[in-house]
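The structure appears right after this line, and notes come after that.
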Amino acid sequence: MSKYPILRSENTWLRSFGKEQRGVLHAVVNLRGIHVDVYNTHLGLDVTSRTAQAQEIIDLASCSQGPALLLGDFNAEPDSSEFQLLLNSGLFVNSFEGIDDAYTFPVINPSATIDYILTSPNVRHANQRVIQTEASDHLPIAADVVFKR
C-alpha cells in the first residue's frame, strides 16, 4: 500500500530459503517525480539462509537506478555477519544507526533489534522510532526519510 503511485512491483522468491519459502517484494514508487526502489523482506531463521538471502537481495538491489529502501524482519541483530553484509555492500545504511534501544522483539519486554529500515547512503532520515503496540509479535518501526532531487 502506498499513498504515492506504484509504477511497478514484483515478488522475487529467494532461492536460499531453508525450511520456509522466503522472498523479497520490490516496488518502484513515484514520490513526486523521484522513483524510489522499495524492497521488503522477511529473512530466514538460520544464519546460513540469512547470509545467502542477504547476498541475493544485494544482487537484486544493485540494479536500482535511484534511491532505495530495504525494510523488514531480518531475524538478525545489528552486529551479525549477515546484517553487516548488507551494510558493507555500500548499497544501504541503517536508519537507526546509533540508536541503541530500538528493540523490536519480542513485543513484551523487547530486548532484540531484528527489524530494520535501511536506506541508500544519500537518503536522509530523522525521527526514527519504535511504535509501542501489541498488534504483532514484533514492534513496528518508522522513520521520516528525505530524498534529494
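Numbering starts fresh at 1 for the residues of each chain in the C-alpha cells, the chains themselves are lettered A, B, ... in the order given, and ligands are numbered from 1 as they appear.
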
Item to complete: Do a neighbour search on region 28-32 of chain A at 8 Å with only C-alpha atoms, toss out local chain neighbours closer than 3 positions, and write the hits as number ranges by chain.
Response: A: 2, 4-9, 35-38

Each residue of region 59-96 of chain A with at least one atom at most 8 Å from region 50-55 of chain A should appear once, together with its nearest atom pair and the corresponding distance in Å (one decimal); atoms considered: only C-alpha atoms; ordering: chain, then increasing residue number; output as a Markdown table.
```
| residue | atom | partner | partner_atom | distance |
| --- | --- | --- | --- | --- |
| A:Asp59 | CA | A:Gln55 | CA | 6.2 |
| A:Phe74 | CA | A:Arg50 | CA | 7.7 |
| A:Ser81 | CA | A:Thr51 | CA | 7.6 |
| A:Glu82 | CA | A:Thr51 | CA | 4.7 |
| A:Phe83 | CA | A:Ala54 | CA | 7.6 |
| A:Leu85 | CA | A:Ala54 | CA | 7.1 |
| A:Leu86 | CA | A:Ala54 | CA | 6.3 |
```

Practice prompt. As a VMD selection string, please: all residues of chain A that backbone DSSP puts in alpha helix (DSSP H).
Written response: chain A and resid 47 to 61 81 to 88

Please report as CSV every residue of region 129-149 of chain A lying within 12 Å of region 104-112 of chain A, along with the nearest atom pair and their distance in Å (one decimal), using only C-alpha atoms.
```
residue,atom,partner,partner_atom,distance
A:Arg129,CA,A:Thr104,CA,10.3
A:Val130,CA,A:Thr104,CA,7.1
A:Ile131,CA,A:Thr104,CA,8.8
A:Gln132,CA,A:Val107,CA,8.2
A:Thr133,CA,A:Val107,CA,7.6
A:Glu134,CA,A:Val107,CA,6.4
A:Ala135,CA,A:Val107,CA,8.8
A:Ser136,CA,A:Val107,CA,7.2
A:Asp137,CA,A:Val107,CA,5.2
A:His138,CA,A:Phe105,CA,5.0
A:Leu139,CA,A:Thr104,CA,4.6
A:Pro140,CA,A:Thr104,CA,6.8
A:Ile141,CA,A:Thr104,CA,7.7
A:Ala142,CA,A:Thr104,CA,11.4
```

Worksheet entry | Leu69 (chain A) environment, 12 Å, only C-alpha atoms, sequence neighbours closer than 6 positions dropped, as a PyMOL selection string | chain A and resi 25-29+35-41+57+61+91-95+116-125+143-147

Item to complete: Compare A:Leu14, A:Leu70, A:Glu56, A:Asn75 by their minimum atom-to-atom distance to Leu43 (chain A), counting only C-alpha atoms, and give me the closest one.
Response: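 Residue with the minimum atom-to-atom distance to Leu43 (chain A): A:Asn75.
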